[in-house]
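Notes to accompany the following structure.
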Amino acid sequence: MNDSISASSMQASRLKDRVAIVTGAARGIGATYAAALAAAGARVAVCDVLAPDVTVAAIRAAGGTARGAVCDISDAAAIAAFVRDVEAACGRIDILVNNAAIFANLALKPFENIDDAEWDRVMTVNVRGSFACARAVVPVMRRQGYGKIINIASGTVFKGAPLMLHYVASKGAVVAMTRALAREVGDAGIRVNCLAPGLTMSEGVIANNAWAGPIVANNIASRCLKREATPEDLVGALVFLASPESDFMTGQTIVVDGGSVTH
Ligand code: NAD
């Protein structure tokens, strides 16, 4: 057996028999998370407001197991139905990655120019949506006596990044929810941790002109490791948080940003 075969079979067994949900996985970083969890051996269920067919097809083409649904995480009934379907089809739910958010399509703007409707929409999806997904999966995880919830925050929380006050506030709430929820569900064997990426060149970020030029350059200059981040840079920490290797960690936030903030 050569090294690459033994390394890939080790990788494929890390999440063997696990079932993982990834929200917001039709594109971008969520699609990369879903593919990585499947490559590590998990059966993956993805949802998004966009049809996640490309993500599902890519995982299946790589030999993984995936299913997908259109589901808006601001709609509690839709989430409940999605979670019910996943449990019925897969028999269990071990991992929830709360990745869906309003982010890459946002226009950067001074806080006085954010109206109430935009503020409420960002909070509803990014905060209430993550809460609602956790609320839907926790009963399943309680029955199993085991579960891993991975919330996706952002390095902007620790930097106080300007021009997206609603987004930064929403991700600050995600960090706070991680800590408080971990206290409530630890006795049930459920771990709740958080991954906070720095600016990452997802397809949505690349397509948004607001992120072009000096913002990216200044971000890179602020890092210990001076280069752009890609979605693949986040995969190691994500799979670690999903795997038994992190089973004695809960309530924590890991920043993966090339050392821009030291948290
Ligand atoms: P993105 O905006 O391209 O991806 C978000 C995904 O969530 C999209 O597929 C979108 O359709 C989906 N979504 C939006 N609203 C939804 C809803 N109501 N219900 C279900 N799905 C919904 O962003 P991305 O760059 O791929 O980022 C993914 C995650 O990482 C987000 O939580 C984002 O806040 C976080 N993040 C990204 C960066 C970055 O620089 N790219 C940095 C820090 C944190």
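As shown in the structure tokens, the chain order sets the letters A, B, ...; within each chain, residues go from 1, and ligands are also counted from 1 in the order they appear.
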Could you give me, as CSV, a per-residue list for stretch 141-218 of chain A showing, wherever an atom lies at most 9 Å from an atom of stretch 29-33 of chain A, the closest pair of atoms and their distance in Å to one decimal, using only C-alpha atoms and sorting by chain then residue number from low to high?
residue,atom,partner,partner_atom,distance
A:Thr200,CA,A:Ile29,CA,8.4
A:Met201,CA,A:Ile29,CA,8.9
A:Ser202,CA,A:Ile29,CA,6.0
A:Glu203,CA,A:Ile29,CA,8.2
List the neighbours of stretch 49-60 of chain A out to 8 Å using only C-alpha atoms; skip same-chain residues closer than 5 positions along the sequence, and give me the result as a tab-separated table (two decimals) with N, CA and C atoms, in the first residue's frame.
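And here is the file that came out, around-v3.tsv:
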chain	number	residue	atom	x	y	z
A	24	GLY	N	-26.76	25.83	3.73
A	24	GLY	CA	-26.13	26.80	2.83
A	24	GLY	C	-25.02	26.20	1.99
A	25	ALA	N	-25.27	24.99	1.49
A	25	ALA	CA	-24.18	24.24	0.83
A	25	ALA	C	-24.38	24.12	-0.68
A	26	ALA	N	-25.21	24.98	-1.27
A	26	ALA	CA	-25.37	24.92	-2.73
A	26	ALA	C	-24.14	25.46	-3.44
A	27	ARG	N	-23.41	26.31	-2.74
A	27	ARG	CA	-22.23	26.91	-3.38
A	27	ARG	C	-21.22	27.27	-2.28
A	31	ALA	N	-20.43	24.24	0.24
A	31	ALA	CA	-20.26	23.11	-0.69
A	31	ALA	C	-18.93	22.40	-0.41
A	34	ALA	N	-19.29	20.32	2.77
A	34	ALA	CA	-20.06	19.09	2.52
A	34	ALA	C	-19.19	18.04	1.84
A	35	ALA	N	-18.42	18.47	0.85
A	35	ALA	CA	-17.55	17.53	0.12
A	35	ALA	C	-16.49	16.96	1.07
A	38	ALA	N	-18.03	14.38	3.42
A	38	ALA	CA	-18.30	13.14	2.66
A	38	ALA	C	-16.99	12.39	2.40
A	65	THR	N	-21.79	9.76	-0.30
A	65	THR	CA	-23.24	9.64	-0.19
A	65	THR	C	-23.81	11.00	0.19
A	66	ALA	N	-24.75	11.49	-0.62
A	66	ALA	CA	-25.31	12.82	-0.35
A	66	ALA	C	-26.75	12.90	-0.79
A	67	ARG	N	-27.49	13.75	-0.10
A	67	ARG	CA	-28.85	14.09	-0.49
A	67	ARG	C	-28.99	15.59	-0.30
A	68	GLY	N	-29.96	16.19	-0.99
A	68	GLY	CA	-30.09	17.64	-0.90
A	68	GLY	C	-31.52	18.08	-0.95
A	69	ALA	N	-31.78	19.28	-0.42
A	69	ALA	CA	-33.12	19.84	-0.47
A	69	ALA	C	-33.04	21.35	-0.50
A	70	VAL	N	-34.06	21.95	-1.09
A	70	VAL	CA	-34.20	23.40	-0.99
A	70	VAL	C	-34.91	23.68	0.33
A	71	CYS	N	-34.30	24.50	1.16
A	71	CYS	CA	-34.86	24.77	2.49
A	71	CYS	C	-34.34	26.13	2.95
A	72	ASP	N	-35.26	26.98	3.36
A	72	ASP	CA	-34.90	28.31	3.86
A	72	ASP	C	-34.78	28.23	5.38
For ligand 1, which residue among A:Lys16, A:Arg84, A:Lys159, A:Arg142 is the nearest when counting only C-alpha atoms and all ligand atoms?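 Counting only C-alpha atoms and all ligand atoms, the residue closest to ligand 1 is A:Lys159.
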Give me, as a list of chain:residue names, all polymer residues having an atom no more than 10 Å from A:Val205, counting only C-alpha atoms and skipping those fewer than 3 positions away in the same chain. A:Gly28, A:Phe103, A:Ala104, A:Asn105, A:Leu106, A:Leu199, A:Thr200, A:Met201, A:Ser202, A:Asn208, A:Asn209, A:Ala210, A:Trp211, A:Ala212
Dump as a compact mmCIF listing (two decimals), in the first residue's frame, selection limited to N, CA and C atoms:
# COMPACT_ATOMS: atom_id res chain seq x y z
N GLY A 28 -20.09 27.77 -2.72
CA GLY A 28 -19.14 28.42 -1.82
C GLY A 28 -18.56 27.50 -0.77
N PHE A 103 -24.22 36.62 3.45
CA PHE A 103 -22.87 37.17 3.52
C PHE A 103 -22.36 37.69 2.17
N ALA A 104 -22.07 36.75 1.26
CA ALA A 104 -21.30 37.15 0.07
C ALA A 104 -22.05 38.14 -0.82
N ASN A 105 -23.37 38.16 -0.75
CA ASN A 105 -24.12 39.10 -1.59
C ASN A 105 -24.30 40.47 -0.94
N LEU A 106 -23.83 40.62 0.30
CA LEU A 106 -24.03 41.90 1.01
C LEU A 106 -23.26 43.03 0.33
N LEU A 199 -11.38 36.40 5.89
CA LEU A 199 -11.85 36.63 4.51
C LEU A 199 -11.35 35.49 3.61
N THR A 200 -12.30 34.82 2.97
CA THR A 200 -12.00 33.61 2.20
C THR A 200 -12.57 33.78 0.79
N MET A 201 -11.78 33.43 -0.21
CA MET A 201 -12.20 33.69 -1.58
C MET A 201 -13.17 32.60 -2.06
N SER A 202 -14.37 32.64 -1.52
CA SER A 202 -15.44 31.76 -1.99
C SER A 202 -15.95 32.32 -3.31
N ASN A 208 -18.40 39.35 -5.91
CA ASN A 208 -18.88 40.61 -5.35
C ASN A 208 -17.78 41.68 -5.45
N ASN A 209 -18.02 42.67 -6.30
CA ASN A 209 -16.99 43.70 -6.55
C ASN A 209 -16.58 44.45 -5.29
N ALA A 210 -17.47 44.44 -4.28
CA ALA A 210 -17.15 45.14 -3.03
C ALA A 210 -15.87 44.60 -2.40
N TRP A 211 -15.57 43.33 -2.68
CA TRP A 211 -14.42 42.69 -2.05
C TRP A 211 -13.16 42.79 -2.90
N ALA A 212 -13.26 43.44 -4.05
CA ALA A 212 -12.09 43.49 -4.94
C ALA A 212 -11.09 44.52 -4.41
Distance query A:Ser130 at most 7 Å, only C-alpha atoms, self and fewer than 4 positions along chain excluded, as a VMD selection string: chain A and resid 98 126 134
Generate the output file for the selected residues, N, CA, C and O atoms, as a compact mmCIF listing (two decimals), in the first residue's frame.
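Listed below is the output, out_7.txt:
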# COMPACT_ATOMS: atom_id res chain seq x y z
N ASN A 98 -23.80 24.74 10.82
CA ASN A 98 -24.66 25.91 10.63
C ASN A 98 -23.92 26.94 9.79
O ASN A 98 -23.40 27.94 10.29
N ASN A 126 -29.05 34.75 9.85
CA ASN A 126 -27.76 34.36 10.44
C ASN A 126 -27.87 33.93 11.90
O ASN A 126 -27.13 33.04 12.33
N ALA A 134 -30.34 24.33 15.11
CA ALA A 134 -29.90 23.62 16.31
C ALA A 134 -31.10 23.06 17.06
O ALA A 134 -31.11 21.89 17.49
Calculated over only C-alpha atoms and all ligand atoms, which of the candidates A:Leu37, A:Val19, A:Leu195, A:Val137 has the smallest distance to ligand 1?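 Smallest distance to ligand 1 is found for A:Leu195.
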DSSP-assigned helix (DSSP H, G or I) among stretch 55-249 of chain A, expressed as a ChimeraX atom specification: /A:55-61,76-90,111-113,116-144,156-159,165-188,203-207,209-211,214-221,231-242,244-246
So that I can see what lies close to stretch 116-121 of chain A, please list as a list of chain:residue names the residues with an atom at most 10 Å from it, counting only C-alpha atoms and leaving out residues fewer than 6 positions away in the same chain. A:Ser74, A:Ile102, A:Leu106, A:Val127, A:Arg128, A:Met164, A:Leu165, A:His166, A:Tyr167, A:Ala169, A:Ser170
Measuring atom to atom with only C-alpha atoms and all ligand atoms, identify which of A:Ser13, A:Asn99, A:Thr178, A:Asn151 is nearest to ligand 1.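 Once distances to ligand 1 are computed over only C-alpha atoms and all ligand atoms, the minimum belongs to A:Asn99.
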Which residues, written as JSON, numbers by chain, have at least one atom at most 6 Å from A:Val192, with only C-alpha atoms counted and residues fewer than 4 positions away on the same chain left out? {"A": [148, 149, 150, 178, 182, 250, 251]}
Export of the given selection (C-alpha atoms) as a short mmCIF file (atom, residue, chain, number, x, y, z; two decimals), in the first residue's frame:
data_model
loop_
_atom_site.label_atom_id
_atom_site.label_comp_id
_atom_site.auth_asym_id
_atom_site.auth_seq_id
_atom_site.Cartn_x
_atom_site.Cartn_y
_atom_site.Cartn_z
CA LYS A 148 -21.63 17.83 17.14
CA ILE A 149 -22.95 21.27 16.26
CA ILE A 150 -20.50 23.48 14.39
CA THR A 178 -22.07 28.65 20.80
CA ALA A 182 -22.79 24.25 24.83
CA THR A 250 -17.20 22.38 23.51
CA GLY A 251 -18.21 26.04 23.63
#
Between atom CA of A:Ala101 and atom CA of A:Val86, what is the distance, to one decimal in Å? 20.9 Å
Under the rule that only C-alpha atoms are counted, which of A:Leu181, A:Val261, A:Ile220, A:Ala40 is the nearest residue to A:Arg18?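 Closest to A:Arg18 of all the choices is A:Ala40.
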In terms of the shortest atom-to-atom distance over only C-alpha atoms, which of A:Glu228, A:Asp115, A:Asp94, A:Glu245 is closest to A:Ile190?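 Result for the nearest residue to A:Ile190: A:Asp94.
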